[in-house]
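**Q** Structure supplied as my_file-v9.tsv; contents: TSV, C-alpha atoms.
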chain	number	residue	atom	x	y	z
M	1	MET	CA	17.30	5.43	18.78
M	2	ARG	CA	14.69	8.17	18.32
M	3	VAL	CA	11.39	7.47	16.59
M	4	GLN	CA	9.83	10.20	14.45
M	5	ILE	CA	6.04	10.42	14.19
M	6	VAL	CA	4.58	12.55	11.39
M	7	SER	CA	1.04	13.61	10.47
M	8	PHE	CA	0.48	15.05	7.00
M	9	ARG	CA	-1.82	15.89	4.12
M	10	CYS	CA	-0.96	14.07	0.94
M	11	VAL	CA	-1.91	14.06	-2.72
M	12	LEU	CA	-0.87	10.87	-4.53
M	13	LYS	CA	-0.30	10.90	-8.30
M	14	ASN	CA	1.21	8.54	-10.80
M	15	GLN	CA	4.35	9.54	-12.69
M	16	LEU	CA	2.20	11.10	-15.47
M	17	GLY	CA	0.61	13.43	-12.91
M	18	HIS	CA	-2.83	11.76	-12.81
M	19	LEU	CA	-4.50	11.99	-9.39
M	20	ILE	CA	-4.82	8.66	-7.59
M	21	SER	CA	-5.98	9.83	-4.15
M	22	SER	CA	-5.67	12.43	-1.44
M	23	SER	CA	-5.67	11.84	2.28
M	24	PHE	CA	-4.90	13.13	5.74
M	25	ASN	CA	-2.67	10.74	7.68
M	26	HIS	CA	-2.12	10.75	11.45
M	27	ASP	CA	0.88	9.49	13.39
M	28	VAL	CA	2.93	7.70	10.75
M	29	VAL	CA	6.16	6.27	12.18
M	30	THR	CA	9.16	7.04	9.94
M	31	THR	CA	11.74	5.15	11.99
M	32	PRO	CA	10.50	1.62	12.67
M	33	SER	CA	11.63	-0.17	15.79
M	34	GLU	CA	14.39	-2.72	15.47
M	35	GLY	CA	13.08	-6.02	14.15
M	36	GLU	CA	9.93	-4.42	12.73
M	37	PRO	CA	9.25	-5.48	9.12
M	38	VAL	CA	10.02	-3.07	6.29
M	39	HIS	CA	6.92	-1.19	5.18
M	40	GLU	CA	5.68	-1.71	1.62
M	41	LEU	CA	5.93	2.06	1.06
M	42	GLN	CA	9.49	2.21	2.39
M	43	GLY	CA	10.58	4.78	-0.22
M	44	PHE	CA	7.81	7.11	0.89
M	45	VAL	CA	8.53	6.62	4.59
M	46	GLU	CA	12.22	7.39	3.94
M	47	GLY	CA	11.16	10.62	2.20
M	48	LEU	CA	9.23	11.73	5.29
M	49	LYS	CA	12.24	11.42	7.62
M	50	GLY	CA	13.37	14.66	9.15
M	51	LEU	CA	10.44	16.76	7.89
M	52	LYS	CA	9.13	19.39	10.29
M	53	GLU	CA	5.66	20.87	10.82
M	54	GLY	CA	4.68	23.19	7.96
M	55	GLU	CA	7.18	21.76	5.47
M	56	ARG	CA	6.07	20.68	2.01
M	57	LYS	CA	7.86	18.10	-0.08
M	58	GLN	CA	7.34	16.14	-3.25
M	59	ILE	CA	8.46	12.54	-2.73
M	60	ARG	CA	9.02	10.41	-5.83
M	61	VAL	CA	8.98	6.68	-5.18
M	62	ASN	CA	9.96	4.04	-7.71
M	63	ALA	CA	7.73	0.96	-7.94
M	64	ASP	CA	10.25	-1.26	-6.15
M	65	GLN	CA	10.14	1.06	-3.09
M	66	ALA	CA	6.34	1.51	-3.25
M	67	TYR	CA	4.10	-1.52	-3.85
M	68	GLY	CA	6.65	-3.56	-5.77
M	69	PHE	CA	6.77	-4.61	-9.37
M	70	TYR	CA	3.78	-6.30	-10.98
M	71	ASP	CA	4.17	-10.04	-10.40
M	72	LEU	CA	2.57	-12.35	-12.98
M	73	SER	CA	2.87	-15.27	-10.56
M	74	LEU	CA	0.17	-13.60	-8.42
M	75	LEU	CA	-2.44	-14.24	-11.14
M	76	VAL	CA	-4.50	-17.32	-10.31
M	77	ARG	CA	-7.19	-19.03	-12.37
M	78	VAL	CA	-9.89	-20.75	-10.29
M	79	SER	CA	-13.26	-22.32	-10.99
M	80	ARG	CA	-16.31	-20.16	-10.26
M	81	SER	CA	-17.66	-22.93	-8.03
M	82	SER	CA	-14.65	-22.60	-5.68
M	83	VAL	CA	-15.48	-18.93	-4.93
M	84	HIS	CA	-18.33	-17.89	-2.65
M	85	GLN	CA	-21.03	-16.33	-4.87
M	86	GLY	CA	-19.03	-17.36	-7.93
M	87	LYS	CA	-22.07	-17.18	-10.22
M	88	LYS	CA	-22.83	-13.57	-9.21
M	89	ILE	CA	-19.26	-12.27	-9.19
M	90	ARG	CA	-18.31	-9.42	-11.55
M	91	MET	CA	-15.15	-7.82	-12.95
M	92	GLY	CA	-13.35	-5.77	-10.31
M	93	ASP	CA	-14.96	-7.56	-7.36
M	94	LYS	CA	-12.66	-8.43	-4.45
M	95	VAL	CA	-12.45	-11.93	-3.00
M	96	ARG	CA	-10.40	-13.30	-0.10
M	97	GLY	CA	-8.60	-16.59	-0.33
M	98	ARG	CA	-5.39	-18.47	0.24
M	99	TYR	CA	-2.69	-18.14	-2.38
M	100	THR	CA	-1.57	-21.64	-3.30
M	101	GLN	CA	2.17	-20.94	-3.42
M	102	ASP	CA	2.62	-19.45	0.06
M	103	HIS	CA	-0.76	-20.34	1.66
M	104	GLU	CA	-1.17	-16.69	2.79
M	105	LEU	CA	-4.65	-15.22	3.06
M	106	ARG	CA	-4.85	-12.51	0.39
M	107	THR	CA	-7.32	-10.18	-1.28
M	108	PHE	CA	-7.71	-10.87	-4.98
M	109	THR	CA	-9.34	-8.71	-7.66
M	110	VAL	CA	-11.37	-10.40	-10.38
M	111	VAL	CA	-9.64	-9.39	-13.64
M	112	ASP	CA	-11.21	-11.85	-16.12
M	113	LEU	CA	-14.39	-13.91	-16.25
M	114	SER	CA	-15.53	-16.87	-18.26
M	115	GLU	CA	-18.49	-19.20	-17.93
M	116	GLY	CA	-16.64	-21.71	-15.75
M	117	ASP	CA	-13.70	-19.87	-14.17
M	118	LEU	CA	-12.24	-16.61	-12.91
M	119	LEU	CA	-8.82	-14.99	-13.23
M	120	LEU	CA	-7.84	-13.45	-9.88
M	121	ASP	CA	-5.02	-10.96	-9.28
M	122	ALA	CA	-3.34	-10.64	-5.86
M	123	ASN	CA	-1.08	-7.73	-6.89
M	124	HIS	CA	-1.70	-4.39	-5.19
M	125	PRO	CA	-3.62	-2.10	-7.60
M	126	LEU	CA	-0.59	0.25	-7.66
M	127	ALA	CA	2.00	-2.49	-8.19
M	128	GLY	CA	4.44	-1.65	-10.95
M	129	GLN	CA	3.77	2.09	-10.78
M	130	ASP	CA	6.20	4.84	-9.88
M	131	LEU	CA	4.38	7.22	-7.53
M	132	VAL	CA	4.57	10.92	-6.66
M	133	PHE	CA	3.46	12.12	-3.21
M	134	ASP	CA	2.88	15.84	-2.61
M	135	VAL	CA	3.10	16.14	1.17
M	136	GLU	CA	2.40	18.93	3.67
M	137	VAL	CA	3.44	18.06	7.23
M	138	THR	CA	0.85	19.09	9.83
M	139	SER	CA	2.83	17.81	12.84
M	140	SER	CA	6.12	16.11	13.52
M	141	ARG	CA	7.49	14.89	16.82
M	142	GLU	CA	9.99	12.44	18.25
M	143	GLU	CA	9.24	9.72	20.75
M	144	ASN	CA	11.60	7.45	22.61
M	145	GLU	CA	11.84	3.97	21.18
M	146	GLU	CA	10.22	2.64	24.35
M	147	ALA	CA	7.18	4.92	24.00
M	148	GLU	CA	3.94	3.26	23.00
M	149	VAL	CA	3.27	4.31	19.40
M	150	GLN	CA	0.29	3.40	17.25
M	151	ASN	CA	1.48	2.76	13.67
M	152	LYS	CA	-1.49	3.36	11.38
M	153	PRO	CA	-1.53	2.29	7.73
M	154	LEU	CA	-0.68	4.96	5.17
M	155	PHE	CA	-3.23	4.07	2.52
M	156	HIS	CA	-5.92	1.49	2.03
Could you express the structure from this file as structure tokens?
**A**
Amino acid sequence: MRVQIVSFRCVLKNQLGHLISSSFNHDVVTTPSEGEPVHELQGFVEGLKGLKEGERKQIRVNADQAYGFYDLSLLVRVSRSSVHQGKKIRMGDKVRGRYTQDHELRTFTVVDLSEGDLLLDANHPLAGQDLVFDVEVTSSREENEEAEVQNKPLFH
């Protein structure tokens, strides 16, 4: 099986056309090796397959093939005292902690504050959104599956 590696410029917008970000991405693998987990932006990665250097493409990705649907179960209410610097924390701050249902270490965003507790959200900020990627491929190559390939994240 051949592995495609693509570098590209990208403008990311929501479905209403509002700019979310722009970036230059190097060496994104579009054909994961067997047994490799499915990427959270699988719809986008699928849209990159087969593109050649110099090609431009608009890739529309539904929420379920991007960062998933918004999941209310990922909202967690905790006491301020259980969070490092809980007294100084503000709306929008990020905190790391273990999610009680799966015990995974996650990044949470503070979405509500009260005197004694915080409401934390572990959803990705783009969860539930259909996305539009305007892509210009700057390089595209194939590597053998055995080749050592560095798979860098698409977005942060």
**Q** Here is a test: counting all atoms listed in the file, which residue of M:Leu72, M:Val132, M:Met91, M:Val6 is nearest to Glu53 (chain M)?
**A** M:Val6
**Q** Suppose you want the space between CA of His103 (chain M) and CA of Arg90 (chain M); what is it in Å?
**A** 24.5 Å
**Q** Please indicate the distance in Å from CA of Glu104 (chain M) to CA of Glu40 (chain M), rounded to one decimal place.
**A**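 That distance, rounded to one decimal, is 16.5 Å.
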**Q** So which one's closest to Asp93 (chain M), M:Asp121, M:Ser81, M:Lys13, M:Ser73? Using all atoms listed in the file, please.
**A**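 Using all atoms listed in the file, Asp93 (chain M) sits closest to M:Asp121.
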**Q** If we count all atoms listed in the file, what is near Gly86 (chain M) at a cut-off of 10 Å, once residues fewer than 3 positions away on the same chain are taken out, given as a PDB file with C-alpha atoms, in the coordinates of the input?
**A**
ATOM      1  CA  SER M  79     -13.260 -22.320 -10.990  1.00  0.00           C
ATOM      2  CA  ARG M  80     -16.310 -20.160 -10.260  1.00  0.00           C
ATOM      3  CA  SER M  81     -17.660 -22.930  -8.030  1.00  0.00           C
ATOM      4  CA  SER M  82     -14.650 -22.600  -5.680  1.00  0.00           C
ATOM      5  CA  VAL M  83     -15.480 -18.930  -4.930  1.00  0.00           C
ATOM      6  CA  ILE M  89     -19.260 -12.270  -9.190  1.00  0.00           C
ATOM      7  CA  ARG M  90     -18.310  -9.420 -11.550  1.00  0.00           C
ATOM      8  CA  VAL M  95     -12.450 -11.930  -3.000  1.00  0.00           C
ATOM      9  CA  GLY M 116     -16.640 -21.710 -15.750  1.00  0.00           C
ATOM     10  CA  ASP M 117     -13.700 -19.870 -14.170  1.00  0.00           C
ATOM     11  CA  LEU M 118     -12.240 -16.610 -12.910  1.00  0.00           C
TER      12      LEU M 118
END
**Q** Enclose region 113-126 of chain M, meaning all of its atoms listed in the file, in a box aligned along x, y and z, pad it by 3 Å on each side, and list the centre and edge lengths in Å to one decimal, as lines of an AutoDock Vina configuration file.
**A**
center_x = -9.5
center_y = -10.7
center_z = -11.7
size_x = 23.9
size_y = 28.0
size_z = 19.1
**Q** How many Å lie between CA of Ser23 (chain M) and CA of Leu74 (chain M), rounded to one decimal?
**A**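 So the two atoms, CA of Ser23 (chain M) and CA of Leu74 (chain M), lie 28.2 Å apart.
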**Q** Leaving out Ala122 (chain M) and any residue of its chain fewer than 5 positions from it, which residues lie within 8 Å of it when counting all atoms listed in the file, given as a list of chain:residue names?
**A** M:Leu74, M:Leu75, M:Arg106, M:Thr107, M:Phe108, M:Thr109
**Q** Of the candidates M:Lys88, M:Arg2, M:Arg141, M:His124, which one gets nearest to Phe69 (chain M) if we count only C-alpha atoms?
**A**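 Between M:Lys88, M:Arg2, M:Arg141, M:His124, the residue approaching Phe69 (chain M) most closely is M:His124.
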**Q** Considering only C-alpha atoms, state which residue in the set M:Ala63, M:Leu19, M:Val110, M:Val3 is at the smallest distance from Ala127 (chain M).
**A** M:Ala63
**Q** Can you work out which one of M:Ser21, M:Gln15, M:Gln58, M:Thr30 has the shortest atom-to-atom distance to Ser140 (chain M), counting only C-alpha atoms?
**A**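 Nearest to Ser140 (chain M): M:Thr30.
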**Q** I'd like to know which of M:Leu105, M:Val111, M:Val61, M:Val28 is closest to Val78 (chain M), using only C-alpha atoms.
**A** M:Val111
**Q** Tell me which protein, DNA and RNA residues are within 12 Å of His18 (chain M), counting only C-alpha atoms, leaving out same-chain ones fewer than 5 positions away, and put them as a list in words.
**A**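 Near neighbours after the sequence-gap exclusion: Val11, Leu12, Lys13, Gln129, Asp130, Leu131, Val132 and Phe133 of chain M.
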**Q** With C-alpha atoms kept, could you save the residues just selected as a PDB file, in the coordinates of the input?
**A**
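What ended up in part13.pdb:
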ATOM      1  CA  VAL M  11      -1.910  14.060  -2.720  1.00  0.00           C
ATOM      2  CA  LEU M  12      -0.870  10.870  -4.530  1.00  0.00           C
ATOM      3  CA  LYS M  13      -0.300  10.900  -8.300  1.00  0.00           C
ATOM      4  CA  GLN M 129       3.770   2.090 -10.780  1.00  0.00           C
ATOM      5  CA  ASP M 130       6.200   4.840  -9.880  1.00  0.00           C
ATOM      6  CA  LEU M 131       4.380   7.220  -7.530  1.00  0.00           C
ATOM      7  CA  VAL M 132       4.570  10.920  -6.660  1.00  0.00           C
ATOM      8  CA  PHE M 133       3.460  12.120  -3.210  1.00  0.00           C
TER       9      PHE M 133
END
